[in-house]
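> This is the structure I want to talk about, given as structure tokens.
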Amino acid sequence: MKKLFLLLMMLMVMTINMSAQKTYALITGVSRYQNSQANLQHTAKDVKSLRNIMTKQGAIVSVVTSKYANHDNIVKKLNAIVQLAKPEDKIIFFFSGHGNTGGFVTSDMKLFMYQELASILSKAKARQVICFIDACRSGSVEDLAEDNYSWAGSTSHPGLVFVMGCKAEESSYENNWVGHGLFTQALLKGLRGLCDVNQDKKITLIELFNYIYKDVTARTADGPQAQHPQLIGPGSMHDAVVASW
């Protein structure tokens with residue numbers, strides 16, 4: 001009888017683990033570009049630090065950096081995660097590097113258009129898909145957002161949301177003193193629990209964004225160097241749990 005009870009308990013635990021939500025994260029960044037004049041100082045550290053935090057929090061993490069973070073390779077990795085993630089899972093995409101209106105710049109100096117990114121991620125069965133982009137002009141993704149936050153040129157996905165480093169007309173700055181982009185620095189601190197207002201050990205999207213926004217705007221001056229992070233996506237995602245710490 002005791003052996004039967006233990007067997008049933010083991011089967012129950014296995015069933016719970018099989019159905020548990022998984023987080024698939026693709027973390028990308030470019031420090032060394034095909035054109036060396038475009039090289040950046042801190043994006044590799046951005047990627048490494050975020051990978052360490054998310055791995056400790058139980059995410060399944062893939063990392064693509066520098067010359068491997070070219071357009072075609074990022075597309076390949078994104079499609080693989082989209083195919084892998086189940087409805088109960090979560091997908092997180094992060095990029096740190098150069099950006100311009102309409103997209104971010106891959107290592108081969110191509111502009112990865114946000115429309116293409118939205119089109120790929122909108123095919124995901126995962127109900128929650130969150131993008132963090134630390135790049136100049138990243139807020140320009142809002143130009144794709146229709147009234148119901150379906151994305152121009154892509155299939156509608158009610159759980160696709162973008163957290164961007166700055167407004168469409170702004171730059172996203174690196175911080176030499178801490179060795180990170182200002183946006184990524186705030187993201188890292190938030191994921192370590194500093195944004196958890198109610199201290200329930202669960203970090204919701206709105207808690208994380210509010211912390212990032214306050215931290216970044218406090219560190220940038222008004223005027224030409226102002227930087228205002230943007231949360232672009234349906235309000236139904238605000239209470240989504242990004243991570244537990």
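Residue names in the structure tokens use chain letters A, B, ... in the order shown, residue numbers from 1 in each chain, and ligand numbers from 1 in the order shown.
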At a cut-off of 7 Å, can you tabulate as CSV every residue of segment 154-244 of chain A near segment 47-67 of chain A together with its closest atom pair and the distance in Å to one decimal, using only C-alpha atoms and ordering rows by chain then number?

```
residue,atom,partner,partner_atom,distance
A:Leu188,CA,A:Leu50,CA,6.5
A:Ala243,CA,A:Gln57,CA,7.0
A:Ser244,CA,A:Gln57,CA,6.6
```
> DSSP says helix (DSSP H, G or I) for which residues of segment 54-241 of chain A? Put them as an MDAnalysis selection string?
chainID A and resid 54:56 66:68 71:84 114:121 138:144 182:194 205:219 235:237
> Excluding Phe209 of chain A and its own-chain neighbours fewer than 2 positions away, which residues fall within 10 Å of it when counting only C-alpha atoms? Please give them as a list in words.
Val163, Met164, Ala186, Leu187, Gly190, Cys195, Thr204, Leu205, Ile206, Glu207, Tyr211, Ile212, Tyr213, Lys214, Asp215, Pro229, Gln230, Leu231 and His238 of chain A
> Tell me which protein, DNA and RNA residues are within 10 Å of segment 31-39 of chain A, counting only C-alpha atoms, leaving out same-chain ones fewer than 5 positions away, and put them as number ranges by chain.
A: 44-46, 65-67, 69-70, 96-98, 105-110
> Which residue, A:Ile203, A:Leu111, A:Val216, A:Ile232, has the smallest gap to Ser150 of chain A when you use only C-alpha atoms?
A:Ile232
> Show which residues sit within 8 Å of segment 72-85 of chain A, as an MDAnalysis selection string. Count only C-alpha atoms, and ignore same-chain residues fewer than 3 positions away.
chainID A and resid 22 24 26 64 68:69 89:91 120:121 123:126
> Restricting it to C-alpha atoms, dump the selection as a compact mmCIF listing (two decimals), in the first residue's frame.

```txt
# COMPACT_ATOMS: atom_id res chain seq x y z
CA LYS A 22 7.95 27.30 -18.99
CA TYR A 24 11.71 30.46 -23.16
CA LEU A 26 16.13 34.50 -26.46
CA VAL A 64 23.11 35.04 -29.40
CA TYR A 68 26.22 35.41 -34.42
CA ALA A 69 23.49 37.98 -33.77
CA ASP A 89 4.38 28.91 -21.74
CA LYS A 90 5.92 32.36 -21.94
CA ILE A 91 8.36 33.77 -24.53
CA ILE A 120 7.19 35.97 -36.25
CA LEU A 121 6.15 36.26 -32.61
CA LYS A 123 2.54 33.00 -34.68
CA ALA A 124 3.41 31.73 -31.21
CA LYS A 125 0.93 29.55 -29.35
CA ALA A 126 2.35 30.90 -26.09
```
